[in-house]
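Structure file work-v2.csv (CSV, N, CA and C atoms) follows.
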chain,number,residue,atom,x,y,z
A,1,MET,N,73.5,279.3,-108.6
A,1,MET,CA,72.7,278.7,-107.5
A,1,MET,C,71.7,277.7,-108.1
A,2,LEU,N,71.6,276.5,-107.7
A,2,LEU,CA,70.7,275.6,-108.1
A,2,LEU,C,69.3,275.9,-107.5
A,3,LEU,N,68.2,275.7,-108.3
A,3,LEU,CA,66.9,276.0,-107.8
A,3,LEU,C,66.6,275.2,-106.6
A,4,SER,N,67.1,274.0,-106.5
A,4,SER,CA,66.8,273.1,-105.4
A,4,SER,C,67.4,273.6,-104.0
A,5,THR,N,68.3,274.6,-104.1
A,5,THR,CA,69.0,275.1,-102.9
A,5,THR,C,68.4,276.4,-102.5
A,6,LEU,N,67.4,276.9,-103.2
A,6,LEU,CA,66.8,278.2,-102.9
A,6,LEU,C,66.3,278.3,-101.5
A,7,SER,N,65.6,277.2,-101.0
A,7,SER,CA,65.0,277.2,-99.7
A,7,SER,C,66.1,277.3,-98.6
A,8,HIS,N,67.2,276.8,-98.9
A,8,HIS,CA,68.3,276.9,-97.9
A,8,HIS,C,68.9,278.3,-97.8
A,9,TYR,N,69.1,279.0,-98.9
A,9,TYR,CA,69.6,280.3,-98.9
A,9,TYR,C,68.6,281.5,-98.8
A,10,LEU,N,67.4,281.2,-99.3
A,10,LEU,CA,66.3,282.2,-99.2
A,10,LEU,C,65.1,281.6,-98.6
A,11,PRO,N,65.1,281.2,-97.4
A,11,PRO,CA,64.0,280.5,-96.8
A,11,PRO,C,62.6,281.2,-96.7
A,12,ARG,N,62.6,282.6,-96.8
A,12,ARG,CA,61.4,283.3,-96.7
A,12,ARG,C,61.1,284.0,-98.0
A,13,LEU,N,61.6,283.5,-99.1
A,13,LEU,CA,61.3,284.0,-100.4
A,13,LEU,C,59.8,283.9,-100.7
A,14,ALA,N,59.3,285.1,-101.1
A,14,ALA,CA,57.8,285.1,-101.4
A,14,ALA,C,57.5,285.3,-102.9
A,15,ASN,N,58.4,285.9,-103.6
A,15,ASN,CA,58.1,286.1,-105.1
A,15,ASN,C,59.2,285.5,-105.9
A,16,LEU,N,58.8,284.7,-106.9
A,16,LEU,CA,59.8,284.0,-107.7
A,16,LEU,C,59.4,284.0,-109.2
A,17,SER,N,60.3,284.5,-110.0
A,17,SER,CA,60.0,284.5,-111.5
A,17,SER,C,60.8,283.4,-112.1
A,18,LEU,N,60.2,282.5,-112.8
A,18,LEU,CA,60.8,281.4,-113.6
A,18,LEU,C,60.5,281.6,-115.0
A,19,GLU,N,60.2,282.9,-115.4
A,19,GLU,CA,59.8,283.2,-116.7
A,19,GLU,C,60.9,282.8,-117.7
A,20,GLY,N,60.4,282.2,-118.9
A,20,GLY,CA,61.3,281.9,-120.0
A,20,GLY,C,62.2,280.7,-119.8
A,21,ASN,N,61.8,279.8,-118.8
A,21,ASN,CA,62.6,278.6,-118.6
A,21,ASN,C,61.9,277.5,-119.5
A,22,GLN,N,62.4,276.3,-119.4
A,22,GLN,CA,61.8,275.2,-120.2
A,22,GLN,C,61.0,274.2,-119.2
A,23,LEU,N,60.3,274.8,-118.3
A,23,LEU,CA,59.5,273.9,-117.4
A,23,LEU,C,58.3,273.3,-118.2
A,24,ARG,N,58.2,272.0,-118.2
A,24,ARG,CA,57.2,271.3,-119.0
A,24,ARG,C,56.2,270.6,-118.2
A,25,LEU,N,56.6,270.2,-117.0
A,25,LEU,CA,55.7,269.3,-116.2
A,25,LEU,C,55.6,269.9,-114.8
A,26,TRP,N,54.5,269.7,-114.1
A,26,TRP,CA,54.3,270.1,-112.7
A,26,TRP,C,55.4,269.6,-111.8
A,27,LYS,N,55.9,268.4,-112.1
A,27,LYS,CA,57.0,267.8,-111.2
A,27,LYS,C,58.3,268.6,-111.3
A,28,ASP,N,58.4,269.4,-112.4
A,28,ASP,CA,59.6,270.3,-112.5
A,28,ASP,C,59.6,271.4,-111.4
A,29,LEU,N,58.5,271.5,-110.7
A,29,LEU,CA,58.4,272.5,-109.7
A,29,LEU,C,58.3,271.9,-108.3
A,30,ASP,N,58.7,270.7,-108.2
A,30,ASP,CA,58.7,270.0,-106.9
A,30,ASP,C,59.6,270.7,-105.8
A,31,PHE,N,60.6,271.4,-106.3
A,31,PHE,CA,61.5,272.0,-105.4
A,31,PHE,C,60.9,273.2,-104.6
A,32,ILE,N,59.7,273.6,-105.0
A,32,ILE,CA,59.1,274.8,-104.3
A,32,ILE,C,57.8,274.3,-103.6
A,33,SER,N,57.6,273.0,-103.5
A,33,SER,CA,56.3,272.6,-102.8
A,33,SER,C,56.3,273.1,-101.4
A,34,GLY,N,55.1,273.1,-100.8
A,34,GLY,CA,55.0,273.7,-99.4
A,34,GLY,C,55.4,272.7,-98.3
A,35,LYS,N,56.1,271.7,-98.6
A,35,LYS,CA,56.6,270.7,-97.6
A,35,LYS,C,57.7,271.4,-96.8
A,36,LYS,N,57.9,270.9,-95.6
A,36,LYS,CA,58.9,271.5,-94.7
A,36,LYS,C,60.2,271.4,-95.4
A,37,GLY,N,60.9,272.5,-95.3
A,37,GLY,CA,62.3,272.6,-95.9
A,37,GLY,C,62.2,273.1,-97.3
A,38,LYS,N,61.0,273.3,-97.8
A,38,LYS,CA,60.9,273.9,-99.2
A,38,LYS,C,60.5,275.3,-99.1
A,39,LEU,N,60.2,275.9,-100.2
A,39,LEU,CA,59.8,277.4,-100.2
A,39,LEU,C,58.4,277.5,-99.7
A,40,GLU,N,58.2,277.6,-98.4
A,40,GLU,CA,56.9,277.6,-97.8
A,40,GLU,C,56.2,279.0,-97.9
A,41,HIS,N,56.9,280.0,-98.2
A,41,HIS,CA,56.4,281.4,-98.2
A,41,HIS,C,56.1,281.9,-99.6
A,42,ILE,N,56.2,281.1,-100.6
A,42,ILE,CA,55.9,281.6,-102.0
A,42,ILE,C,54.5,282.1,-102.1
A,43,ARG,N,54.3,283.3,-102.5
A,43,ARG,CA,52.9,283.9,-102.8
A,43,ARG,C,52.7,284.2,-104.2
A,44,GLU,N,53.8,284.4,-105.0
A,44,GLU,CA,53.7,284.7,-106.4
A,44,GLU,C,54.8,284.0,-107.1
A,45,LEU,N,54.3,283.2,-108.1
A,45,LEU,CA,55.2,282.4,-109.0
A,45,LEU,C,54.9,282.8,-110.4
A,46,ILE,N,55.9,283.3,-111.1
A,46,ILE,CA,55.7,283.7,-112.5
A,46,ILE,C,56.2,282.6,-113.4
A,47,LEU,N,55.3,282.1,-114.3
A,47,LEU,CA,55.7,281.0,-115.2
A,47,LEU,C,55.5,281.4,-116.7
A,48,LYS,N,55.4,282.6,-116.9
A,48,LYS,CA,55.2,283.1,-118.3
A,48,LYS,C,56.4,282.6,-119.2
A,49,GLY,N,56.1,282.1,-120.4
A,49,GLY,CA,57.1,281.7,-121.3
A,49,GLY,C,57.6,280.3,-121.1
A,50,ASN,N,56.9,279.5,-120.3
A,50,ASN,CA,57.2,278.1,-120.1
A,50,ASN,C,56.2,277.2,-120.8
A,51,PRO,N,56.7,276.1,-121.3
A,51,PRO,CA,55.7,275.1,-122.0
A,51,PRO,C,54.6,274.7,-121.0
A,52,LEU,N,54.9,274.5,-119.7
A,52,LEU,CA,53.9,274.1,-118.8
A,52,LEU,C,52.7,275.1,-118.8
A,53,ARG,N,53.0,276.4,-118.7
A,53,ARG,CA,52.0,277.4,-118.6
A,53,ARG,C,51.2,277.4,-119.9
A,54,GLU,N,51.9,277.3,-121.1
A,54,GLU,CA,51.2,277.3,-122.4
A,54,GLU,C,50.3,276.1,-122.5
A,55,THR,N,50.7,275.0,-122.1
A,55,THR,CA,49.9,273.7,-122.1
A,55,THR,C,48.6,273.9,-121.3
A,56,GLU,N,48.8,274.5,-120.1
A,56,GLU,CA,47.6,274.7,-119.2
A,56,GLU,C,46.6,275.7,-119.8
A,57,TYR,N,47.1,276.8,-120.4
A,57,TYR,CA,46.2,277.7,-121.0
A,57,TYR,C,45.5,277.1,-122.2
A,58,GLN,N,46.2,276.3,-123.0
A,58,GLN,CA,45.5,275.7,-124.2
A,58,GLN,C,44.5,274.7,-123.7
A,59,GLY,N,44.7,274.1,-122.6
A,59,GLY,CA,43.8,273.1,-122.0
A,59,GLY,C,42.6,273.7,-121.3
A,60,GLY,N,42.5,275.1,-121.3
A,60,GLY,CA,41.4,275.8,-120.6
A,60,GLY,C,41.6,275.8,-119.1
A,61,ARG,N,42.8,275.7,-118.6
A,61,ARG,CA,43.0,275.7,-117.2
A,61,ARG,C,43.8,277.0,-116.7
A,62,ALA,N,43.5,278.1,-117.3
A,62,ALA,CA,44.2,279.3,-117.1
A,62,ALA,C,43.9,279.8,-115.6
A,63,GLU,N,42.8,279.4,-115.0
A,63,GLU,CA,42.5,279.9,-113.6
A,63,GLU,C,43.6,279.5,-112.6
A,64,LYS,N,44.4,278.5,-112.9
A,64,LYS,CA,45.5,278.1,-112.0
A,64,LYS,C,46.6,279.2,-112.0
A,65,PHE,N,46.6,280.1,-112.9
A,65,PHE,CA,47.6,281.1,-113.0
A,65,PHE,C,47.2,282.5,-112.7
A,66,LYS,N,46.3,282.6,-111.7
A,66,LYS,CA,45.8,283.9,-111.3
A,66,LYS,C,46.1,284.1,-109.8
Please express what this file holds, its structure, as structure tokens.
Amino acid sequence: MLLSTLSHYLPRLANLSLEGNQLRLWKDLDFISGKKGKLEHIRELILKGNPLRETEYQGGRAEKFK
């Protein structure tokens, strides 16, 4: 299943782990934005092990991940 189709097949998905992927930029997560037709019910998103998370932590922006 492509990540871009998650909202179609799992419209009420609340928890999603993308741990260990190669997500580098915030735009890599556009498919889960709160726009209509996207994953509107996400409450927990796990990004551990992604370059994006590591960059944010190194830049002192760890509060975004709580």
Could you pull out all residues of stretch 19-66 of chain A with a DSSP call of alpha helix (DSSP H) and give them as an MDAnalysis selection string? chainID A and resid 51:58
Rounded to one decimal in Å, what is the spacing between atom CA of A:Glu54 and atom C of A:Tyr9?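 Result for atom CA of A:Glu54 versus atom C of A:Tyr9: 29.6 Å, one decimal.
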Calculated over all atoms listed in the file, which of the candidates A:Leu47, A:Ala62, A:Ile32, A:Leu6 has the smallest distance to A:Gly20? A:Leu47
Just how far from atom CA of A:Arg53 is atom CA of A:Thr5, in Å to one decimal? 23.3 Å
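By chain and then residue number, the residues within 6.5 Å of A:Leu23 are A:Asp28, A:Asn50, A:Pro51, A:Leu52, A:Arg53, counting all atoms listed in the file and disregarding those fewer than 5 positions away in sequence.
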With a distance cut-off of 6.5 Å and all atoms listed in the file, select the neighbouring residues of A:Ser17, excluding the residue or stretch itself and same-chain residues fewer than 5 positions from it, and output the selection as a PyMOL selection string. chain A and resi 44-47
So what do you get for atom N of A:Leu39 versus atom C of A:Trp26, distance-wise?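 Taking atom N of A:Leu39 as the start and atom C of A:Trp26 as the end point, the length is 14.0 Å.
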May I ask which of the residues A:Leu25, A:Leu18, A:Lys38, A:Tyr57 is the closest one to A:Ser4, counting only C-alpha atoms?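 Looking only at the distances to A:Ser4, the closest residue turns out to be A:Lys38.
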Can you tell me, as a count of residues only, what residues are no more than 6 Å from A:Ala14 when counting all atoms listed in the file, ignoring any on the same chain fewer than 4 positions away? 4
Could you tell me, as a PyMOL selection string, which residues of chain A DSSP assigns to strand (DSSP E) when given the backbone? chain A and resi 15-17+44-46
Distance criterion (all atoms listed in the file): nearest to A:Gly49 out of A:Gln22, A:Asn15, A:Ser33, A:Ser7: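 Nearest to A:Gly49: A:Gln22.
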Pull stretch 13-27 of chain A out of the block and emit all heavy atoms, as an mmCIF file, in the first residue's frame.
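Written out: result.cif:
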data_model
loop_
_atom_site.group_PDB
_atom_site.id
_atom_site.type_symbol
_atom_site.label_atom_id
_atom_site.label_comp_id
_atom_site.auth_asym_id
_atom_site.auth_seq_id
_atom_site.Cartn_x
_atom_site.Cartn_y
_atom_site.Cartn_z
ATOM 1 N N LEU A 13 -7.480 6.501 10.883
ATOM 2 C CA LEU A 13 -6.203 6.107 11.472
ATOM 3 C C LEU A 13 -5.736 7.164 12.461
ATOM 4 O O LEU A 13 -5.680 8.351 12.151
ATOM 5 C CB LEU A 13 -5.160 5.935 10.360
ATOM 6 C CG LEU A 13 -3.789 5.424 10.788
ATOM 7 C CD1 LEU A 13 -3.882 3.970 11.247
ATOM 8 C CD2 LEU A 13 -2.807 5.542 9.636
ATOM 9 N N ALA A 14 -5.403 6.741 13.686
ATOM 10 C CA ALA A 14 -4.993 7.682 14.731
ATOM 11 C C ALA A 14 -3.523 7.545 15.099
ATOM 12 O O ALA A 14 -2.915 8.514 15.539
ATOM 13 C CB ALA A 14 -5.856 7.473 15.977
ATOM 14 N N ASN A 15 -2.939 6.379 14.945
ATOM 15 C CA ASN A 15 -1.539 6.146 15.310
ATOM 16 C C ASN A 15 -0.797 5.581 14.111
ATOM 17 O O ASN A 15 -1.255 4.623 13.493
ATOM 18 C CB ASN A 15 -1.442 5.160 16.477
ATOM 19 C CG ASN A 15 -2.197 5.648 17.683
ATOM 20 O OD1 ASN A 15 -1.959 6.737 18.166
ATOM 21 N ND2 ASN A 15 -3.135 4.849 18.138
ATOM 22 N N LEU A 16 0.365 6.169 13.820
ATOM 23 C CA LEU A 16 1.131 5.746 12.654
ATOM 24 C C LEU A 16 2.613 5.777 12.989
ATOM 25 O O LEU A 16 3.127 6.780 13.470
ATOM 26 C CB LEU A 16 0.846 6.673 11.472
ATOM 27 C CG LEU A 16 1.624 6.431 10.179
ATOM 28 C CD1 LEU A 16 1.325 5.036 9.617
ATOM 29 C CD2 LEU A 16 1.293 7.507 9.158
ATOM 30 N N SER A 17 3.289 4.685 12.760
ATOM 31 C CA SER A 17 4.733 4.623 12.940
ATOM 32 C C SER A 17 5.414 4.604 11.577
ATOM 33 O O SER A 17 5.149 3.726 10.762
ATOM 34 C CB SER A 17 5.137 3.370 13.722
ATOM 35 O OG SER A 17 6.552 3.284 13.772
ATOM 36 N N LEU A 18 6.276 5.581 11.366
ATOM 37 C CA LEU A 18 7.107 5.639 10.169
ATOM 38 C C LEU A 18 8.566 5.489 10.579
ATOM 39 O O LEU A 18 9.478 5.975 9.919
ATOM 40 C CB LEU A 18 6.880 6.960 9.428
ATOM 41 C CG LEU A 18 5.472 7.155 8.881
ATOM 42 C CD1 LEU A 18 5.317 8.532 8.279
ATOM 43 C CD2 LEU A 18 5.127 6.075 7.870
ATOM 44 N N GLU A 19 8.773 4.790 11.681
ATOM 45 C CA GLU A 19 10.101 4.577 12.237
ATOM 46 C C GLU A 19 11.008 3.885 11.227
ATOM 47 O O GLU A 19 10.607 2.931 10.554
ATOM 48 C CB GLU A 19 9.993 3.718 13.501
ATOM 49 C CG GLU A 19 11.286 3.510 14.216
ATOM 50 C CD GLU A 19 11.115 2.775 15.531
ATOM 51 O OE1 GLU A 19 9.980 2.676 16.035
ATOM 52 O OE2 GLU A 19 12.126 2.312 16.065
ATOM 53 N N GLY A 20 12.247 4.391 11.131
ATOM 54 C CA GLY A 20 13.262 3.751 10.314
ATOM 55 C C GLY A 20 13.140 3.979 8.818
ATOM 56 O O GLY A 20 13.732 3.251 8.041
ATOM 57 N N ASN A 21 12.376 4.967 8.394
ATOM 58 C CA ASN A 21 12.275 5.304 6.973
ATOM 59 C C ASN A 21 13.318 6.372 6.652
ATOM 60 O O ASN A 21 14.065 6.799 7.521
ATOM 61 C CB ASN A 21 10.865 5.803 6.639
ATOM 62 C CG ASN A 21 9.870 4.672 6.639
ATOM 63 O OD1 ASN A 21 9.761 3.945 5.679
ATOM 64 N ND2 ASN A 21 9.160 4.519 7.755
ATOM 65 N N GLN A 22 13.358 6.824 5.451
ATOM 66 C CA GLN A 22 14.336 7.834 5.052
ATOM 67 C C GLN A 22 13.670 9.190 4.818
ATOM 68 O O GLN A 22 13.988 9.891 3.867
ATOM 69 C CB GLN A 22 15.086 7.373 3.797
ATOM 70 C CG GLN A 22 15.984 6.190 4.040
ATOM 71 C CD GLN A 22 17.043 6.495 5.103
ATOM 72 O OE1 GLN A 22 17.717 7.513 5.047
ATOM 73 N NE2 GLN A 22 17.160 5.615 6.079
ATOM 74 N N LEU A 23 12.771 9.561 5.723
ATOM 75 C CA LEU A 23 12.107 10.852 5.616
ATOM 76 C C LEU A 23 13.100 11.942 5.987
ATOM 77 O O LEU A 23 13.647 11.949 7.085
ATOM 78 C CB LEU A 23 10.886 10.899 6.531
ATOM 79 C CG LEU A 23 9.844 9.820 6.254
ATOM 80 C CD1 LEU A 23 8.793 9.808 7.337
ATOM 81 C CD2 LEU A 23 9.229 10.002 4.891
ATOM 82 N N ARG A 24 13.349 12.864 5.070
ATOM 83 C CA ARG A 24 14.357 13.900 5.269
ATOM 84 C C ARG A 24 13.776 15.297 5.415
ATOM 85 O O ARG A 24 14.369 16.154 6.054
ATOM 86 C CB ARG A 24 15.338 13.897 4.106
ATOM 87 C CG ARG A 24 16.102 12.609 3.979
ATOM 88 C CD ARG A 24 17.132 12.651 2.870
ATOM 89 N NE ARG A 24 17.817 11.377 2.740
ATOM 90 C CZ ARG A 24 18.764 10.933 3.567
ATOM 91 N NH1 ARG A 24 19.134 11.672 4.586
ATOM 92 N NH2 ARG A 24 19.324 9.766 3.382
ATOM 93 N N LEU A 25 12.625 15.542 4.827
ATOM 94 C CA LEU A 25 12.028 16.869 4.801
ATOM 95 C C LEU A 25 10.585 16.804 5.282
ATOM 96 O O LEU A 25 9.914 15.785 5.132
ATOM 97 C CB LEU A 25 12.044 17.430 3.374
ATOM 98 C CG LEU A 25 13.400 17.491 2.685
ATOM 99 C CD1 LEU A 25 13.216 17.828 1.218
ATOM 100 C CD2 LEU A 25 14.304 18.504 3.371
ATOM 101 N N TRP A 26 10.096 17.937 5.809
ATOM 102 C CA TRP A 26 8.704 17.977 6.246
ATOM 103 C C TRP A 26 7.755 17.709 5.088
ATOM 104 O O TRP A 26 6.697 17.115 5.270
ATOM 105 C CB TRP A 26 8.386 19.319 6.914
ATOM 106 C CG TRP A 26 8.952 19.414 8.283
ATOM 107 C CD1 TRP A 26 9.992 20.197 8.699
ATOM 108 C CD2 TRP A 26 8.531 18.686 9.448
ATOM 109 N NE1 TRP A 26 10.241 19.998 10.033
ATOM 110 C CE2 TRP A 26 9.358 19.085 10.515
ATOM 111 C CE3 TRP A 26 7.552 17.742 9.671
ATOM 112 C CZ2 TRP A 26 9.218 18.553 11.799
ATOM 113 C CZ3 TRP A 26 7.404 17.224 10.951
ATOM 114 C CH2 TRP A 26 8.229 17.636 11.996
ATOM 115 N N LYS A 27 8.128 18.120 3.886
ATOM 116 C CA LYS A 27 7.231 17.893 2.741
ATOM 117 C C LYS A 27 7.058 16.407 2.440
ATOM 118 O O LYS A 27 6.103 16.014 1.780
ATOM 119 C CB LYS A 27 7.695 18.660 1.509
ATOM 120 C CG LYS A 27 8.913 18.108 0.844
ATOM 121 C CD LYS A 27 9.234 18.887 -0.417
ATOM 122 C CE LYS A 27 10.368 18.185 -1.144
ATOM 123 N NZ LYS A 27 10.547 18.730 -2.475
#
